[in-house]
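Enquirer: First, the structure itself, so that you have it in front of you.
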Amino acid sequence: MSIEVKNLSYTYAEGTPFETIALKNINWEINEGSLWLVLGKTGSGKTTLIQTLNGLLIPKNGDVIVDDLSIKDQKNDIKIIREKIGIVFQYPENQFFLPTVLEELMYAPKNFNKDISSNDLINILNIVGLNKNFLNRNPFSLSGGEMRKVAIASILSYNPKYIIFDEPTVGLDYEGRKKIWKIIHNLIDIGKTIIIVTHWIDELISFKPNILHIQNNEISYKGEFDNFVLLGENELKKRSILFSKKLKLYYCSLKNNIKLDKLFQY
Ligand SMILES: Nc1ncnc2c1ncn2[C@@H]1O[C@H](COP(=O)(O)OP(=O)(O)OP(=O)(O)O)[C@@H](O)[C@H]1O
Ligand SMILES: [Mg+2]
């Protein structure tokens, strides 16, 4: 099972003076159980791309096939596709609208006609590092890091098998970012397929994710993490990737075949 992006192009406001090309001819296969980082500088098309994956945006050219279901085929119920793919948007806490965490967590399962037991709820809170005392809290009374965790929990509440994070650590401090990476680590361990849009590549070295890099709205690299790093400083700089000291050290360890894995934990 997989998500297959086929010859996908996307243009906003096509045929008007505001026409903007956001994506050109993207081909990408996300196999179940894999982990991908989507990289690219601002405006390169990352958010547009992830919004096509669950049919929030329907491309005129190309297609996305989710577990054999085309997002363009009118016969397919888009709700079935949406239930498979959860998206945690940038600043997801901006989307809270219910008075308690419990109600926020129950909203999506209700919408998808899915039962959720109190055990499920507690499990989900565990995965994101919260406890049941949070259920009665007003989401707006939480700290920024806790809000982000609740937002992730609200996606886990309907158990999607593919989970997409659009810049999940934006606005969080180092400790907050570490907690989010830990949650993502837990999700990988339970077999979720994960796509992360991020700029923090050097915090994710130990994950060895696959890389999809977009430049000028086209794919400029698709493949394994180590081979991406081995492109070297100049090539990565051309792709607006900061070649931090940590990344440099990792590059040197790869070049010289020295194992320094412990150094690269997030
Ligand atoms: N709703 C919209 N209407 C018109 N143009 C849009 C819309 N959303 C995005 N765009 C344009 O499409 C292009 C790609 O935008 P997108 O948001 O996908 O980029 P991004 O890589 O996610 O950027 P960032 O890193 O800043 O989040 C940009 O030129 C943007 O201005
Ligand atoms: Mg974006």
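Residue numbering restarts at 1 in every chain; chains get A, B, ... in the order shown in the structure tokens, and ligands count up from 1 in that same order.
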Please provide the set of residues having any atom within 9 Å of stretch 69-73 of chain A, restricted to only C-alpha atoms, with same-chain residues fewer than 3 positions apart removed, written as a CSV table (one decimal) with N, CA and C atoms, in the first residue's frame.
Expert:
```
chain,number,residue,atom,x,y,z
A,52,THR,N,-2.3,18.3,-1.6
A,52,THR,CA,-2.9,17.4,-2.7
A,52,THR,C,-3.0,16.0,-2.2
A,53,LEU,N,-2.2,15.6,-1.2
A,53,LEU,CA,-2.1,14.1,-0.9
A,53,LEU,C,-3.5,13.6,-0.4
A,54,ASN,N,-4.2,14.5,0.4
A,54,ASN,CA,-5.5,14.0,0.9
A,54,ASN,C,-6.7,14.7,0.2
A,55,GLY,N,-6.4,15.3,-1.0
A,55,GLY,CA,-7.5,15.8,-1.8
A,55,GLY,C,-8.0,17.2,-1.3
A,58,ILE,N,-7.3,19.6,-5.4
A,58,ILE,CA,-7.4,18.6,-6.5
A,58,ILE,C,-6.6,19.2,-7.7
A,59,PRO,N,-5.6,18.5,-8.1
A,59,PRO,CA,-4.8,19.0,-9.2
A,59,PRO,C,-5.5,18.8,-10.6
A,60,LYS,N,-5.3,19.8,-11.4
A,60,LYS,CA,-5.9,19.7,-12.8
A,60,LYS,C,-5.1,18.7,-13.6
A,63,ASP,N,-2.1,13.2,-10.8
A,63,ASP,CA,-3.1,12.5,-9.9
A,63,ASP,C,-2.3,12.1,-8.7
A,64,VAL,N,-3.1,11.8,-7.6
A,64,VAL,CA,-2.6,11.2,-6.4
A,64,VAL,C,-3.4,9.9,-6.1
A,65,ILE,N,-2.7,8.8,-6.0
A,65,ILE,CA,-3.4,7.5,-5.7
A,65,ILE,C,-3.1,7.1,-4.3
A,66,VAL,N,-4.1,7.0,-3.5
A,66,VAL,CA,-3.9,6.6,-2.1
A,66,VAL,C,-4.5,5.2,-1.9
A,76,ASN,N,-14.9,7.8,-5.9
A,76,ASN,CA,-14.3,7.6,-4.6
A,76,ASN,C,-14.8,8.6,-3.6
A,77,ASP,N,-15.1,8.1,-2.4
A,77,ASP,CA,-15.5,9.0,-1.3
A,77,ASP,C,-14.3,9.6,-0.7
A,78,ILE,N,-14.1,11.0,-0.9
A,78,ILE,CA,-12.9,11.6,-0.4
A,78,ILE,C,-12.7,11.5,1.1
A,81,ILE,N,-10.4,8.7,1.9
A,81,ILE,CA,-9.0,9.1,1.7
A,81,ILE,C,-8.6,10.0,2.9
```
Enquirer: Write out as a PyMOL selection string each polymer residue whose atoms come within 10 Å of A:Ile122, counting only C-alpha atoms; drop sequence neighbours fewer than 6 positions from it.
Expert: chain A and resi 130-132+135
Enquirer: With C-alpha atoms retained, could you export that selection as a JSON list (two decimals), in the first residue's frame?
Expert:
```json
[["chain", "number", "residue", "atom", "x", "y", "z"],
["A", 130, "LEU", "CA", 0.20, 14.00, 28.21],
["A", 131, "ASN", "CA", -2.01, 12.44, 30.89],
["A", 132, "LYS", "CA", -5.77, 12.21, 31.39],
["A", 135, "LEU", "CA", -8.91, 16.10, 29.06]]
```
Enquirer: When you look at stretch 240-246 of chain A with a cut-off of 12 Å (counting only C-alpha atoms), what residues show up, excluding the ones that are within fewer than 6 positions of it in the same chain? I need them as a compact mmCIF listing (two decimals) with C-alpha atoms, in the first residue's frame.
Expert:
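Now in around09.txt:
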```
# COMPACT_ATOMS: atom_id res chain seq x y z
CA VAL A 38 10.09 17.33 2.48
CA LEU A 39 12.56 20.17 2.16
CA GLY A 40 12.70 23.32 0.10
CA LYS A 41 12.83 27.01 0.64
CA THR A 42 9.80 29.16 1.28
CA SER A 44 8.80 26.09 -3.22
CA THR A 198 10.78 20.83 8.08
CA HIS A 199 13.87 23.00 7.97
CA TRP A 200 15.56 21.20 10.89
CA ILE A 201 17.35 18.52 8.95
CA ASP A 202 20.28 18.20 11.38
CA GLU A 203 17.97 17.32 14.29
CA LEU A 204 16.73 14.35 12.29
CA ILE A 205 19.99 12.72 11.27
CA SER A 206 19.39 9.71 13.51
CA HIS A 213 13.76 18.27 -1.94
CA ILE A 214 11.80 20.79 -3.99
CA GLN A 215 13.38 23.72 -5.75
CA ASN A 216 11.68 26.14 -8.09
CA SER A 220 15.59 18.55 -7.18
CA PHE A 228 21.62 13.62 0.04
CA VAL A 229 24.20 14.64 2.66
CA LEU A 230 26.97 13.19 0.50
CA LEU A 231 26.07 15.71 -2.24
CA GLY A 232 28.25 17.95 -0.07
CA GLU A 233 28.29 21.50 1.15
CA ASN A 234 28.13 23.30 -2.20
CA CYS A 252 32.77 13.57 7.34
CA SER A 253 31.74 10.43 9.22
CA LEU A 260 29.30 8.15 15.19
CA ASP A 261 25.58 7.36 15.47
CA LEU A 263 26.41 11.80 18.45
CA PHE A 264 23.48 12.40 16.14
CA GLN A 265 20.55 11.61 18.42
CA TYR A 266 18.10 14.52 18.47
```
Enquirer: Return as a PDB file with C-alpha atoms, in the first residue's frame the residues of protein, DNA or RNA that approach ligand 1 to within 9 Å, with only C-alpha atoms and all ligand atoms taken into account.
Expert:
```pdb
ATOM      1  CA  TYR A  10      -0.549  22.618  -9.533  1.00  0.00           C
ATOM      2  CA  THR A  11      -1.252  26.222 -10.468  1.00  0.00           C
ATOM      3  CA  TYR A  12      -3.205  28.659  -8.305  1.00  0.00           C
ATOM      4  CA  ALA A  13      -5.653  31.069  -9.960  1.00  0.00           C
ATOM      5  CA  PHE A  18      -2.718  36.178 -10.291  1.00  0.00           C
ATOM      6  CA  GLU A  19      -1.703  32.830 -11.759  1.00  0.00           C
ATOM      7  CA  THR A  20       1.053  31.175  -9.657  1.00  0.00           C
ATOM      8  CA  ILE A  21       2.718  27.910 -10.553  1.00  0.00           C
ATOM      9  CA  ALA A  22       3.188  26.002  -7.270  1.00  0.00           C
ATOM     10  CA  LEU A  23       4.229  22.532  -8.469  1.00  0.00           C
ATOM     11  CA  LEU A  39      12.558  20.169   2.155  1.00  0.00           C
ATOM     12  CA  GLY A  40      12.701  23.317   0.097  1.00  0.00           C
ATOM     13  CA  LYS A  41      12.831  27.013   0.635  1.00  0.00           C
ATOM     14  CA  THR A  42       9.799  29.157   1.279  1.00  0.00           C
ATOM     15  CA  GLY A  43       7.352  29.234  -1.629  1.00  0.00           C
ATOM     16  CA  SER A  44       8.803  26.091  -3.224  1.00  0.00           C
ATOM     17  CA  GLY A  45       5.444  24.279  -3.051  1.00  0.00           C
ATOM     18  CA  LYS A  46       5.738  22.010   0.020  1.00  0.00           C
ATOM     19  CA  THR A  47       2.392  22.859   1.616  1.00  0.00           C
ATOM     20  CA  THR A  48       0.658  22.729  -1.750  1.00  0.00           C
ATOM     21  CA  LEU A  49       2.101  19.260  -2.309  1.00  0.00           C
ATOM     22  CA  ILE A  50       0.924  17.862   1.028  1.00  0.00           C
ATOM     23  CA  GLN A  51      -2.520  19.375   0.549  1.00  0.00           C
ATOM     24  CA  GLN A  90       1.630  24.612  10.725  1.00  0.00           C
ATOM     25  CA  ASP A 166       3.841  20.636   8.173  1.00  0.00           C
ATOM     26  CA  GLU A 167       6.714  22.236  10.113  1.00  0.00           C
ATOM     27  CA  VAL A 197       7.939  19.240   6.162  1.00  0.00           C
ATOM     28  CA  THR A 198      10.783  20.833   8.076  1.00  0.00           C
ATOM     29  CA  HIS A 199      13.869  23.004   7.970  1.00  0.00           C
ATOM     30  CA  ILE A 214      11.802  20.789  -3.994  1.00  0.00           C
ATOM     31  CA  GLN A 215      13.384  23.716  -5.748  1.00  0.00           C
ATOM     32  CA  ASN A 217       8.516  24.052  -7.654  1.00  0.00           C
TER      33      ASN A 217
END
```
Enquirer: Between A:Val88, A:Ala108, A:Leu249, A:Ile184, which one has atoms that come closest to ligand 2, using only C-alpha atoms and all ligand atoms?
Expert: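 Looking at the shortest contact to ligand 2, the residue is A:Val88.
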Enquirer: Suppose you want the space between atom CA of A:Asn123 and atom CA of A:Pro99; what is it in Å?
Expert: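 Going from atom CA of A:Asn123 over to atom CA of A:Pro99, I get 21.6 Å.
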Enquirer: Give me, as a list in words, all polymer residues having an atom no more than 12 Å from A:Gly176, counting only C-alpha atoms and skipping those fewer than 5 positions away in the same chain.
Expert: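 After dropping sequence-adjacent residues, the list is Val128, Gly129, Ser143, Gly144, Gly145, Glu146, Met147, Arg148, Lys149, Pro168, Thr169, Val170, Gly171, Trp181, Lys182, Ile183 and Tyr266 of chain A.
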Enquirer: Of the candidates A:Tyr91, A:His185, A:Lys114, A:Asn27, which one gets nearest to ligand 2 if we count only C-alpha atoms and all ligand atoms?
Expert: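 Under the stated criterion, the closest residue is A:Tyr91.
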Enquirer: Atom CA of A:Leu121 and atom CA of A:Leu105 are how many Å apart?
Expert: 8.0 Å
Enquirer: I'd like to know which of A:Lys84, A:Lys237, A:Lys24, A:Lys208 is closest to A:Lys161, using only C-alpha atoms.
Expert: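 Counting only C-alpha atoms, the residue closest to A:Lys161 is A:Lys84.
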Enquirer: Would you please give, as a PyMOL selection string, all residues of stretch 140-184 of chain A that DSSP assigns to alpha helix (DSSP H) based on the backbone?
Expert: chain A and resi 144-156+174-184
Enquirer: Those residues you just picked out, can you put them in a file as a PDB file, in the first residue's frame with C-alpha atoms?
Expert:
```pdb
ATOM      1  CA  GLY A 144       2.517  26.255  23.281  1.00  0.00           C
ATOM      2  CA  GLY A 145       4.179  22.829  23.497  1.00  0.00           C
ATOM      3  CA  GLU A 146       1.119  21.241  25.135  1.00  0.00           C
ATOM      4  CA  MET A 147      -1.160  22.744  22.480  1.00  0.00           C
ATOM      5  CA  ARG A 148       1.001  21.215  19.777  1.00  0.00           C
ATOM      6  CA  LYS A 149       0.732  17.832  21.529  1.00  0.00           C
ATOM      7  CA  VAL A 150      -3.063  18.086  21.732  1.00  0.00           C
ATOM      8  CA  ALA A 151      -3.177  19.012  18.047  1.00  0.00           C
ATOM      9  CA  ILE A 152      -1.180  15.870  17.234  1.00  0.00           C
ATOM     10  CA  ALA A 153      -3.420  13.800  19.542  1.00  0.00           C
ATOM     11  CA  SER A 154      -6.489  15.091  17.695  1.00  0.00           C
ATOM     12  CA  ILE A 155      -5.062  13.623  14.484  1.00  0.00           C
ATOM     13  CA  LEU A 156      -4.205  10.326  16.206  1.00  0.00           C
ATOM     14  CA  TYR A 174      14.808  23.268  21.823  1.00  0.00           C
ATOM     15  CA  GLU A 175      13.110  21.189  24.552  1.00  0.00           C
ATOM     16  CA  GLY A 176       9.733  21.532  22.820  1.00  0.00           C
ATOM     17  CA  ARG A 177      11.237  20.431  19.513  1.00  0.00           C
ATOM     18  CA  LYS A 178      12.866  17.409  21.139  1.00  0.00           C
ATOM     19  CA  LYS A 179       9.494  16.352  22.554  1.00  0.00           C
ATOM     20  CA  ILE A 180       7.878  16.554  19.118  1.00  0.00           C
ATOM     21  CA  TRP A 181      10.670  14.462  17.565  1.00  0.00           C
ATOM     22  CA  LYS A 182      10.161  11.919  20.355  1.00  0.00           C
ATOM     23  CA  ILE A 183       6.432  11.702  19.551  1.00  0.00           C
ATOM     24  CA  ILE A 184       7.263  11.204  15.888  1.00  0.00           C
TER      25      ILE A 184
END
```
Enquirer: Check stretch 133-184 of chain A with DSSP on the backbone and list each residue it calls strand (DSSP E), as a ChimeraX atom specification.
Expert: /A:162-166
